[in-house]
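Colleague: One structure follows; several queries about it will come next.
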2 protein chains.
Amino acid sequence: MMSEYFREQLKEKGLKVTPQRVAIYEAVVELKNHPTAENIIEYISKIHPNISVGTVYKILDTLVEHHLLNKVKNEKDVMRYDAVMKKHHHLYCEETDKIADFDDPELDHIISDYFTKKKIKGFKIKDISLQITGEFKNK
Amino acid sequence: MMSEYFREQLKEKGLKVTPQRVAIYEAVVELKNHPTAENIIEYISKIHPNISVGTVYKILDTLVEHHLLNKVKNEKDVMRYDAVMKKHHHLYCEETDKIADFDDPELDHIISDYFTKKKIKGFKIKDISLQITGEFKNK
DNA sequence: TTTCTAAAGGAGAATTATTATCTTTGCGGA
DNA sequence: TCCGCAAAGATAATAATTCTCCTTTAGAAA
């Protein structure tokens, strides 16, 4: 089962493996497109009608805190979540409010090269992420 | 006076020049470090005690909509505003939650060059902005 | 300058997303 | 299997923002 790894991760970090946590993690994976808490709640409520809203928020926080999920914010106001933990960039569509992951090691390399040569004075860089806004072409 | 340009801009866009709008714009300029609505409200209330909270939000929205201010998002929850309209990147400090503007035409050039050669399939890029997280070194 | 009217502002209620509190439940070690 | 504490449930509270409704005012026109 695909969430076996997730269960392992929970144990490793000393967190209890609960059906709620597994369900929410699976929801984020399943929903893919960077769901909001609301999206997750809606999805969850169909399968596990008795998981409460507060619990969803609490679990999302816990998982973000322990680096099992990522938090992303969009131009609008709400927080969104992502199960892809690998460092990556984001493509935003302003119109449809869609977010897609974007990964490009070559670009990362170019940028990190650049900042190796040219430091920002008074600032120590930990991470760089690109927000690429534009629009998705419908194929 | 420095807000002369702002008044001109309002007129040009068919917006009325009101003392509230001028005051709020000046507050954002004055406060510099990407103030939140709350920061602005606090600042404003000292000078113009009778500008109401709802008005501040309404005016911020209007000005963002007409590109007289920018909205900046961070991983935390609140929106922040910026009077610097020139395209630029942001430096974020995770610890102190500070944001600084970062401008680097050379870097922009490198990145836009890169994407001229290597398109993202299914996506039309309109704008790229970097979020550089890390920490400010105290001089 | 005065008048007129749509646009803008004021006050505070309403909404929305999120967090906190407090009680109950159940995971997982002994 | 039992027990203790972490976690879940229910719901109240909070915070940021938006909405509603009514009043005021900027600025165009007379």
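Letters A, B, ... mark the chains of the structure tokens in the order given; residue numbers begin at 1 per chain; ligand numbers begin at 1, in order shown.
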Using only C-alpha atoms (C1' of nucleotides), determine which residues lie at most 9 Å from DT24 (chain D), disregarding the query and same-chain residues fewer than 2 positions distant; provide the list as a ChimeraX atom specification.
Modeller: /C:8-10
Colleague: Residues of chain C within 8 Å of chain A, counting only C-alpha atoms (C1' of nucleotides), what are they? List them as a PDB file with N, CA and C atoms (P, O5', C5', C4', C3', O3' and C1' of nucleotides), in the first residue's frame.
Modeller:
```
ATOM      1  P    DA C  17     -13.461  30.034   3.642  1.00  0.00           P
ATOM      2  O5'  DA C  17     -12.163  30.044   4.546  1.00  0.00           O
ATOM      3  C5'  DA C  17     -11.176  31.045   4.310  1.00  0.00           C
ATOM      4  C4'  DA C  17     -10.218  31.019   5.466  1.00  0.00           C
ATOM      5  C3'  DA C  17      -9.637  29.639   5.775  1.00  0.00           C
ATOM      6  O3'  DA C  17      -8.229  29.761   5.828  1.00  0.00           O
ATOM      7  C1'  DA C  17     -10.561  30.608   7.737  1.00  0.00           C
ATOM      8  P    DT C  18      -7.302  28.508   6.142  1.00  0.00           P
ATOM      9  O5'  DT C  18      -7.166  28.635   7.726  1.00  0.00           O
ATOM     10  C5'  DT C  18      -6.710  29.882   8.263  1.00  0.00           C
ATOM     11  C4'  DT C  18      -6.815  29.851   9.763  1.00  0.00           C
ATOM     12  C3'  DT C  18      -6.140  28.645  10.429  1.00  0.00           C
ATOM     13  O3'  DT C  18      -5.053  29.159  11.184  1.00  0.00           O
ATOM     14  C1'  DT C  18      -8.242  29.168  11.422  1.00  0.00           C
ATOM     15  P    DC C  27      -6.706   3.326  17.354  1.00  0.00           P
ATOM     16  O5'  DC C  27      -5.130   3.578  17.260  1.00  0.00           O
ATOM     17  C5'  DC C  27      -4.636   4.917  17.112  1.00  0.00           C
ATOM     18  C4'  DC C  27      -3.262   5.018  17.739  1.00  0.00           C
ATOM     19  C3'  DC C  27      -2.328   3.853  17.452  1.00  0.00           C
ATOM     20  O3'  DC C  27      -1.046   4.412  17.166  1.00  0.00           O
ATOM     21  C1'  DC C  27      -2.623   4.085  19.803  1.00  0.00           C
TER      22       DC C  27
END
```
Colleague: Which residues of chain A are close to chain B, meaning at most 12 Å apart when you count only C-alpha atoms, and how do they look as a PyMOL selection string?
Modeller: chain A and resi 64+70-81+89-94+98-104+106-115+117-139
Colleague: Can you list, as a list in words, every protein, DNA or RNA residue that comes within 10 Å of DT21 (chain C) when you count only C-alpha atoms (C1' of nucleotides), leaving out same-chain residues fewer than 2 positions away?
Modeller: DT19 and DT23 of chain C; DT11, DA12 and DA13 of chain D
Colleague: Dump C-alpha atoms (C1' of nucleotides) for the selected residues as a short mmCIF file (atom, residue, chain, number, x, y, z; two decimals), in the first residue's frame?
Modeller:
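See part-v5.cif below for the written result:
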```cif
data_model
loop_
_atom_site.label_atom_id
_atom_site.label_comp_id
_atom_site.auth_asym_id
_atom_site.auth_seq_id
_atom_site.Cartn_x
_atom_site.Cartn_y
_atom_site.Cartn_z
"C1'" DT C 19 -7.12 28.35 16.39
"C1'" DT C 23 -13.55 16.42 27.09
"C1'" DT D 11 -17.69 23.63 19.64
"C1'" DA D 12 -16.46 28.29 21.20
"C1'" DA D 13 -13.33 31.95 20.19
#
```
Colleague: Just the alpha helix (DSSP H) stuff from region 15-85 of chain B, please, per backbone DSSP, written as a ChimeraX atom specification.
Modeller: /B:19-31,37-47,53-65
Colleague: Can you write just those residues out, N, CA and C atoms, as an mmCIF file, in the first residue's frame?
Modeller:
```
data_model
loop_
_atom_site.group_PDB
_atom_site.id
_atom_site.type_symbol
_atom_site.label_atom_id
_atom_site.label_comp_id
_atom_site.auth_asym_id
_atom_site.auth_seq_id
_atom_site.Cartn_x
_atom_site.Cartn_y
_atom_site.Cartn_z
ATOM 1 N N PRO B 19 -8.677 62.352 0.477
ATOM 2 C CA PRO B 19 -7.636 62.396 1.513
ATOM 3 C C PRO B 19 -7.312 61.015 2.062
ATOM 4 N N GLN B 20 -8.323 60.140 2.129
ATOM 5 C CA GLN B 20 -8.100 58.793 2.647
ATOM 6 C C GLN B 20 -7.140 58.014 1.749
ATOM 7 N N ARG B 21 -7.366 58.103 0.454
ATOM 8 C CA ARG B 21 -6.508 57.376 -0.480
ATOM 9 C C ARG B 21 -5.078 57.879 -0.411
ATOM 10 N N VAL B 22 -4.950 59.188 -0.376
ATOM 11 C CA VAL B 22 -3.605 59.763 -0.298
ATOM 12 C C VAL B 22 -2.925 59.333 1.002
ATOM 13 N N ALA B 23 -3.675 59.393 2.091
ATOM 14 C CA ALA B 23 -3.102 59.047 3.392
ATOM 15 C C ALA B 23 -2.626 57.598 3.415
ATOM 16 N N ILE B 24 -3.434 56.714 2.846
ATOM 17 C CA ILE B 24 -3.076 55.298 2.874
ATOM 18 C C ILE B 24 -1.886 55.017 1.972
ATOM 19 N N TYR B 25 -1.880 55.645 0.825
ATOM 20 C CA TYR B 25 -0.719 55.471 -0.053
ATOM 21 C C TYR B 25 0.545 55.968 0.638
ATOM 22 N N GLU B 26 0.440 57.132 1.242
ATOM 23 C CA GLU B 26 1.606 57.679 1.940
ATOM 24 C C GLU B 26 2.051 56.768 3.082
ATOM 25 N N ALA B 27 1.077 56.177 3.747
ATOM 26 C CA ALA B 27 1.410 55.262 4.853
ATOM 27 C C ALA B 27 2.229 54.082 4.340
ATOM 28 N N VAL B 28 1.806 53.517 3.216
ATOM 29 C CA VAL B 28 2.527 52.357 2.676
ATOM 30 C C VAL B 28 3.947 52.761 2.269
ATOM 31 N N VAL B 29 4.052 53.922 1.650
ATOM 32 C CA VAL B 29 5.374 54.421 1.259
ATOM 33 C C VAL B 29 6.232 54.642 2.509
ATOM 34 N N GLU B 30 5.633 55.288 3.475
ATOM 35 C CA GLU B 30 6.352 55.668 4.682
ATOM 36 C C GLU B 30 6.799 54.442 5.486
ATOM 37 N N LEU B 31 5.896 53.481 5.616
ATOM 38 C CA LEU B 31 6.174 52.317 6.458
ATOM 39 C C LEU B 31 7.210 51.391 5.818
ATOM 40 N N ALA B 37 -2.054 45.154 6.522
ATOM 41 C CA ALA B 37 -3.190 46.054 6.664
ATOM 42 C C ALA B 37 -3.222 46.596 8.098
ATOM 43 N N GLU B 38 -2.925 45.723 9.023
ATOM 44 C CA GLU B 38 -2.930 46.116 10.439
ATOM 45 C C GLU B 38 -1.912 47.226 10.707
ATOM 46 N N ASN B 39 -0.700 47.049 10.196
ATOM 47 C CA ASN B 39 0.329 48.082 10.346
ATOM 48 C C ASN B 39 -0.173 49.419 9.819
ATOM 49 N N ILE B 40 -0.799 49.355 8.662
ATOM 50 C CA ILE B 40 -1.272 50.563 8.006
ATOM 51 C C ILE B 40 -2.367 51.225 8.828
ATOM 52 N N ILE B 41 -3.291 50.395 9.309
ATOM 53 C CA ILE B 41 -4.390 50.905 10.126
ATOM 54 C C ILE B 41 -3.852 51.589 11.381
ATOM 55 N N GLU B 42 -2.884 50.966 11.986
ATOM 56 C CA GLU B 42 -2.301 51.536 13.204
ATOM 57 C C GLU B 42 -1.651 52.894 12.909
ATOM 58 N N TYR B 43 -0.862 52.917 11.864
ATOM 59 C CA TYR B 43 -0.157 54.141 11.469
ATOM 60 C C TYR B 43 -1.142 55.255 11.126
ATOM 61 N N ILE B 44 -2.104 54.893 10.315
ATOM 62 C CA ILE B 44 -3.119 55.838 9.865
ATOM 63 C C ILE B 44 -3.907 56.425 11.030
ATOM 64 N N SER B 45 -4.250 55.553 11.968
ATOM 65 C CA SER B 45 -5.145 55.981 13.047
ATOM 66 C C SER B 45 -4.539 57.102 13.889
ATOM 67 N N LYS B 46 -3.211 57.196 13.860
ATOM 68 C CA LYS B 46 -2.562 58.275 14.610
ATOM 69 C C LYS B 46 -2.757 59.626 13.921
ATOM 70 N N ILE B 47 -2.662 59.594 12.589
ATOM 71 C CA ILE B 47 -2.734 60.843 11.835
ATOM 72 C C ILE B 47 -4.175 61.207 11.475
ATOM 73 N N VAL B 53 -11.584 51.091 9.430
ATOM 74 C CA VAL B 53 -10.868 49.878 9.045
ATOM 75 C C VAL B 53 -11.311 49.353 7.684
ATOM 76 N N GLY B 54 -12.623 49.288 7.514
ATOM 77 C CA GLY B 54 -13.162 48.823 6.239
ATOM 78 C C GLY B 54 -12.666 49.653 5.075
ATOM 79 N N THR B 55 -12.557 50.944 5.289
ATOM 80 C CA THR B 55 -12.065 51.849 4.249
ATOM 81 C C THR B 55 -10.631 51.514 3.877
ATOM 82 N N VAL B 56 -9.818 51.229 4.871
ATOM 83 C CA VAL B 56 -8.420 50.891 4.586
ATOM 84 C C VAL B 56 -8.365 49.666 3.678
ATOM 85 N N TYR B 57 -9.100 48.640 4.014
ATOM 86 C CA TYR B 57 -9.116 47.433 3.177
ATOM 87 C C TYR B 57 -9.626 47.741 1.774
ATOM 88 N N LYS B 58 -10.694 48.526 1.734
ATOM 89 C CA LYS B 58 -11.293 48.832 0.439
ATOM 90 C C LYS B 58 -10.283 49.586 -0.436
ATOM 91 N N ILE B 59 -9.627 50.556 0.151
ATOM 92 C CA ILE B 59 -8.676 51.367 -0.610
ATOM 93 C C ILE B 59 -7.465 50.528 -1.032
ATOM 94 N N LEU B 60 -6.977 49.690 -0.141
ATOM 95 C CA LEU B 60 -5.842 48.833 -0.513
ATOM 96 C C LEU B 60 -6.216 47.972 -1.722
ATOM 97 N N ASP B 61 -7.402 47.390 -1.673
ATOM 98 C CA ASP B 61 -7.865 46.578 -2.802
ATOM 99 C C ASP B 61 -7.917 47.386 -4.093
ATOM 100 N N THR B 62 -8.512 48.560 -3.989
ATOM 101 C CA THR B 62 -8.646 49.417 -5.171
ATOM 102 C C THR B 62 -7.270 49.741 -5.747
ATOM 103 N N LEU B 63 -6.343 50.090 -4.887
ATOM 104 C CA LEU B 63 -5.028 50.493 -5.372
ATOM 105 C C LEU B 63 -4.262 49.323 -5.974
ATOM 106 N N VAL B 64 -4.441 48.150 -5.386
ATOM 107 C CA VAL B 64 -3.792 46.960 -5.958
ATOM 108 C C VAL B 64 -4.394 46.665 -7.330
ATOM 109 N N GLU B 65 -5.718 46.751 -7.375
ATOM 110 C CA GLU B 65 -6.435 46.482 -8.627
ATOM 111 C C GLU B 65 -5.983 47.417 -9.744
#
```
Colleague: With a distance threshold of 8 Å and counting only C-alpha atoms (C1' of nucleotides), extract the residues of chain D near chain A and express them as number ranges by chain.
Modeller: D: 6-9
Colleague: If you measure from C1' of DT1 (chain C) to C1' of DA28 (chain D), what distance in Å do you get, rounded to one decimal?
Modeller: 13.5 Å
Colleague: If you count only C-alpha atoms (C1' of nucleotides), which residues fall within 10 Å of DT20 (chain D), apart from same-chain ones fewer than 6 positions away, as a short mmCIF file (atom, residue, chain, number, x, y, z; two decimals) with N, CA and C atoms (P, O5', C5', C4', C3', O3' and C1' of nucleotides), in the first residue's frame?
Modeller:
```cif
data_model
loop_
_atom_site.label_atom_id
_atom_site.label_comp_id
_atom_site.auth_asym_id
_atom_site.auth_seq_id
_atom_site.Cartn_x
_atom_site.Cartn_y
_atom_site.Cartn_z
P DG C 12 -20.14 52.09 15.54
"O5'" DG C 12 -20.70 50.67 15.15
"C5'" DG C 12 -21.95 50.56 14.48
"C4'" DG C 12 -22.02 49.22 13.78
"C3'" DG C 12 -21.51 48.03 14.62
"O3'" DG C 12 -22.37 46.95 14.36
"C1'" DG C 12 -20.46 48.01 12.59
P DA C 13 -22.60 45.81 15.47
"O5'" DA C 13 -23.53 44.81 14.65
"C5'" DA C 13 -24.39 45.32 13.62
"C4'" DA C 13 -24.38 44.36 12.44
"C3'" DA C 13 -24.35 42.89 12.83
"O3'" DA C 13 -25.25 42.18 11.97
"C1'" DA C 13 -22.47 43.37 11.48
P DA C 14 -25.30 40.57 11.96
"O5'" DA C 14 -24.25 40.20 10.83
"C5'" DA C 14 -24.49 40.61 9.48
"C4'" DA C 14 -23.56 39.82 8.59
"C3'" DA C 14 -23.54 38.32 8.86
"O3'" DA C 14 -23.67 37.66 7.61
"C1'" DA C 14 -21.33 39.21 8.99
#
```
Colleague: Can you check which residues of region 4-135 of chain B DSSP gives as strand (DSSP E) on the backbone and send them as number ranges by chain?
Modeller: B: 70-72, 80-82, 89-93, 99-102, 123-135
Colleague: Show me, as a list in words, the residues that have an atom within 12 Å of DG4 (chain D) when counting only C-alpha atoms (C1' of nucleotides), minus same-chain residues fewer than 6 positions from it.
Modeller: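 The residues that qualify are DG26, DC27, DG28, DG29 and DA30 of chain C.
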Colleague: Using only C-alpha atoms (C1' of nucleotides), can you tell me which of C:DT16, C:DT25, C:DA11, C:DC4 comes closest to DT17 (chain D)?
Modeller: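 The answer is C:DT16, which sits nearest to DT17 (chain D).
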